[in-house]
Amino acid sequence: MTYTNGAMLIKREIFNRFAKLYYDDTLETEIDKIPLIISPKNKKKVVRCCIYKEREIVKHRLISILGHTISDEMDELKRLSEYASEAKNRTNTPDCRLNIIEEACSSCQKTSYVVTNHCRGCMAQPCMLNCPKDSISFKNGKASIDTNTCVNCGLCKKVCPFHAIIYTPVPCEESCPVDAISKDEYGIAKIDEDKCIHCGKCMTACPYGAVTEKSHLVDVLEGIKRGEKVVAMIAPAIIGQFNTDLNKIMSGIKSLGFYDVVEVAIGADLTAKHESEEFTELMEKGDKFMTTSCCPAYVELTDKHLDGLKQYVSSTPSPMVFTDNLVKSKHTDAKTVFIGPCVAKRSEAQNRSNVNYVLSFEEIGALLIAKNIELSNIDILENQEEPSANGRGFAQSGGVASAIKNTINIEVNEIIINGLNKQNLRILKQMGRGKCSGNFVEVMACEEGCIAGPNTISDIRIAKRQLNKYL
Amino acid sequence: MDKKVNVKICIGTLCYVMGGSELQLLEEHLNDDLKKRVSIEGTTCLDYCHNEDNGKPPFASVNGKCIQRASITKIINQIKKELE
Ligand code: FES
């Protein structure tokens, strides 16, 4: 779950400045100034070691916003303005691999248990006596852990009567459900693409904002400028994201120059219908259970890590794919943009669908801000096609299961996997061996569902409240 | 004893995107005593954001005083100061 934090706010500030320049048509002439504006010469509170490092990080963040792969950088003197014009002229959409801003990565120390100076060297010495690896000794009257033999079991921390031993994790590694992120020999984070399921958890976990997406902003904006039929497909999770009615949110997005704005919940209605039919069929055939297929991080998890579970994943297309088909059957020359809270949708868009682009709520927020669009003051859109409450409910944990239950009348024993944490992963592994206590499994990689995805704006309590008004 | 405090919370798009959403929960964080003495109003763009001297969003105002990087705690602290 995302909490307001400094790393997130600076990222959004940079997005906002970027969007402003784009609309002022001064991107190429002014973009090199953004790092200096964020970290000016006389800056009082420097977060990093100095303003020069900060500027370098901002520069790399902008390279990523321009959709480039940071590790491709060959010439460090290459200016952002050059990157910007390259971005404007490219025809290939940036790929879904996450970027690591190496300068931003603080090379956090290896995960370990550390004895703090609260250790009083007590008489009981339970840490030493209970350590299964004999890694603790007492030096100068204080406990000390031998990191060469310690296996991070955490027993010493548990038994210390003074809470003097603490656990220091590496946030990105700790957050990754599939061990795809680790450190190279210099301590800098690296993502193993063969393992990464693009859930985005490391991106929100890193307190330095070192993990970032390659944005499609320039590609979308250029398409609109060229007069293409760029259609926005908004994820149902958007309902909780701006402080106003859904219709006004749609109207605001449309006024950015999109040819049309469509709710992905309409596609979700189709997913619910097809998935219900598929489920009924499979149950009649005598299958043990079926899992949902709408969460792209989960689908990638089964592809890359849980081979045994793959056969149980529903073959019904996701709401995004259904919506994309609908849009393109109406306008064959449309370019579609999925607007959502999700990092993994970039991967789905690229590898498993015909969707052209993906934007996050943050990115769309930056565009609204740059254009000075006040959502609550905007005129509403007439005659919008409305999905059912079932479709909109896909945005939160439990929503897909209840949509299925509302659609069919055979018995549904649902199991809800609310977030890909360690415990739920164990359960999924079990299911891969055919062990499942229900017949319908809903999986969402994000705890609480898409409304708490990595690219959400609203506090989760507010987001839920707003969404439930529409259910 | 009957002092009243006026709180305005910015629900403009900028402030909302820059972390202002949780300010919607302000009322729930006031104790009964404060609840009686505080009026909360949500307004679109308090116009603080157009001048960088005002600080960073999200913005709120308490009896007309600008609160930058507003949080529920910051606002409540200011309310208490106003009531002193
Ligand atoms: S949007 Fe909040 S002060 Fe302008």
# chains A, B, ... in the order shown; residues from 1 in each chain; ligands from 1
>>> residues_near_ligand(ligand="ligand 1", cutoff="9 Å", atoms="only C-alpha atoms and all ligand atoms", output="VMD selection string")
(chain A and resid 369 374) or (chain B and resid 9 to 16 20 43 to 50 57 to 60)
>>> interface_residues(of="chain A", to="chain B", cutoff="12 Å", atoms="only C-alpha atoms", output="number ranges by chain")
A: 2-17, 37, 240-244, 249, 252, 361-378, 455-463, 465-466
>>> atom_distance(atom1="atom CA of B:Lys74", atom2="atom CA of A:Val46")
22.7 Å
>>> atom_distance(atom1="atom CA of A:Leu326", atom2="atom CA of A:Ile266")
9.2 Å
>>> residues_around(residues="stretch 81-90 of chain A", least_positions_apart="5", cutoff="8 Å", atoms="only C-alpha atoms", output="list in words")
Leu27, Glu28, Thr29, Glu30, Ile31, Asp32, Ile63, Leu66, Gly67, His68, Val218, Asp219 and Glu222 of chain A
>>> select_by_dssp(residues="stretch 158-346 of chain A", states="strand (DSSP E)", output="compact mmCIF listing (two decimals) with N, CA, C and O atoms, in the first residue's frame")
# COMPACT_ATOMS: atom_id res chain seq x y z
N ILE A 165 17.89 -5.46 19.85
CA ILE A 165 18.33 -5.96 18.55
C ILE A 165 17.28 -5.61 17.51
O ILE A 165 16.08 -5.83 17.72
N ILE A 166 17.72 -5.02 16.43
CA ILE A 166 16.74 -4.61 15.42
C ILE A 166 17.00 -5.34 14.10
O ILE A 166 18.10 -5.83 13.84
N TYR A 167 15.97 -5.32 13.29
CA TYR A 167 16.04 -5.95 11.98
C TYR A 167 16.16 -4.84 10.95
O TYR A 167 15.35 -3.91 10.93
N THR A 168 17.17 -4.86 10.13
CA THR A 168 17.29 -3.84 9.09
C THR A 168 17.19 -4.51 7.71
O THR A 168 18.13 -5.16 7.26
N ILE A 181 14.73 -8.77 -7.36
CA ILE A 181 15.61 -7.61 -7.20
C ILE A 181 16.69 -7.94 -6.18
O ILE A 181 16.42 -8.52 -5.13
N SER A 182 17.92 -7.64 -6.53
CA SER A 182 19.03 -7.93 -5.62
C SER A 182 20.14 -6.94 -5.93
O SER A 182 19.99 -6.07 -6.78
N LYS A 183 21.24 -7.08 -5.23
CA LYS A 183 22.30 -6.09 -5.40
C LYS A 183 23.46 -6.65 -6.21
O LYS A 183 23.78 -7.82 -6.10
N ALA A 189 20.99 -1.87 -6.71
CA ALA A 189 19.90 -2.78 -7.05
C ALA A 189 19.89 -3.12 -8.54
O ALA A 189 20.18 -2.27 -9.39
N LYS A 190 19.57 -4.37 -8.81
CA LYS A 190 19.44 -4.85 -10.20
C LYS A 190 18.18 -5.70 -10.26
O LYS A 190 17.90 -6.44 -9.32
N ILE A 191 17.46 -5.60 -11.36
CA ILE A 191 16.26 -6.42 -11.50
C ILE A 191 16.51 -7.52 -12.52
O ILE A 191 16.99 -7.26 -13.62
N VAL A 211 13.59 3.13 -8.11
CA VAL A 211 13.00 2.28 -9.15
C VAL A 211 11.91 3.08 -9.84
O VAL A 211 11.06 3.67 -9.17
N THR A 212 11.94 3.13 -11.15
CA THR A 212 10.94 3.94 -11.83
C THR A 212 10.52 3.32 -13.17
O THR A 212 11.22 2.49 -13.73
N VAL A 230 -6.65 9.07 -30.26
CA VAL A 230 -6.12 8.46 -29.05
C VAL A 230 -7.26 8.33 -28.04
O VAL A 230 -7.85 9.32 -27.62
N VAL A 231 -7.59 7.08 -27.69
CA VAL A 231 -8.72 6.83 -26.81
C VAL A 231 -8.23 6.42 -25.42
O VAL A 231 -7.41 5.52 -25.28
N ALA A 232 -8.73 7.11 -24.39
CA ALA A 232 -8.36 6.79 -23.01
C ALA A 232 -9.27 5.70 -22.48
O ALA A 232 -10.49 5.81 -22.57
N MET A 233 -8.68 4.64 -21.94
CA MET A 233 -9.47 3.59 -21.30
C MET A 233 -9.14 3.64 -19.81
O MET A 233 -8.03 3.31 -19.40
N ILE A 234 -10.12 4.07 -19.02
CA ILE A 234 -9.80 4.30 -17.61
C ILE A 234 -10.18 3.11 -16.74
O ILE A 234 -11.28 2.57 -16.81
N ASP A 260 -11.78 9.91 -27.22
CA ASP A 260 -12.90 9.38 -26.44
C ASP A 260 -12.35 8.87 -25.11
O ASP A 260 -11.15 8.62 -24.98
N VAL A 261 -13.24 8.76 -24.12
CA VAL A 261 -12.86 8.18 -22.83
C VAL A 261 -13.82 7.05 -22.52
O VAL A 261 -15.04 7.25 -22.53
N VAL A 262 -13.30 5.88 -22.26
CA VAL A 262 -14.14 4.70 -22.05
C VAL A 262 -13.78 4.05 -20.72
O VAL A 262 -12.60 3.96 -20.37
N GLU A 263 -14.79 3.59 -20.00
CA GLU A 263 -14.51 2.88 -18.75
C GLU A 263 -14.11 1.43 -19.03
O GLU A 263 -14.82 0.71 -19.73
N MET A 290 -10.71 -22.95 -10.49
CA MET A 290 -10.23 -22.03 -11.51
C MET A 290 -9.79 -20.73 -10.83
O MET A 290 -10.38 -20.34 -9.84
N THR A 291 -8.76 -20.09 -11.36
CA THR A 291 -8.38 -18.79 -10.80
C THR A 291 -8.67 -17.69 -11.81
O THR A 291 -8.81 -17.94 -13.00
N LYS A 335 -5.85 4.62 -31.33
CA LYS A 335 -4.71 4.23 -30.50
C LYS A 335 -5.23 4.25 -29.07
O LYS A 335 -5.79 5.26 -28.63
N THR A 336 -5.05 3.14 -28.36
CA THR A 336 -5.63 3.08 -27.02
C THR A 336 -4.59 3.30 -25.93
O THR A 336 -3.45 2.86 -26.03
N VAL A 337 -5.03 3.97 -24.87
CA VAL A 337 -4.18 4.20 -23.70
C VAL A 337 -4.91 3.68 -22.48
O VAL A 337 -6.01 4.15 -22.17
N PHE A 338 -4.32 2.73 -21.81
CA PHE A 338 -4.90 2.27 -20.54
C PHE A 338 -4.43 3.23 -19.46
O PHE A 338 -3.23 3.47 -19.31
N ILE A 339 -5.37 3.77 -18.69
CA ILE A 339 -4.99 4.68 -17.60
C ILE A 339 -5.32 4.01 -16.28
O ILE A 339 -6.50 3.73 -16.00
N GLY A 340 -4.30 3.70 -15.51
CA GLY A 340 -4.56 2.91 -14.32
C GLY A 340 -3.52 3.07 -13.23
O GLY A 340 -2.61 3.89 -13.32
>>> select_by_dssp(residues="stretch 348-470 of chain A", states="helix (DSSP H, G or I)", output="PyMOL selection string")
chain A and resi 348-352+361-370+375-377+389-395+399-407+422-432+450-452+460-469
>>> atom_distance(atom1="atom CA of A:Gln109", atom2="atom CA of A:Val47")
18.8 Å
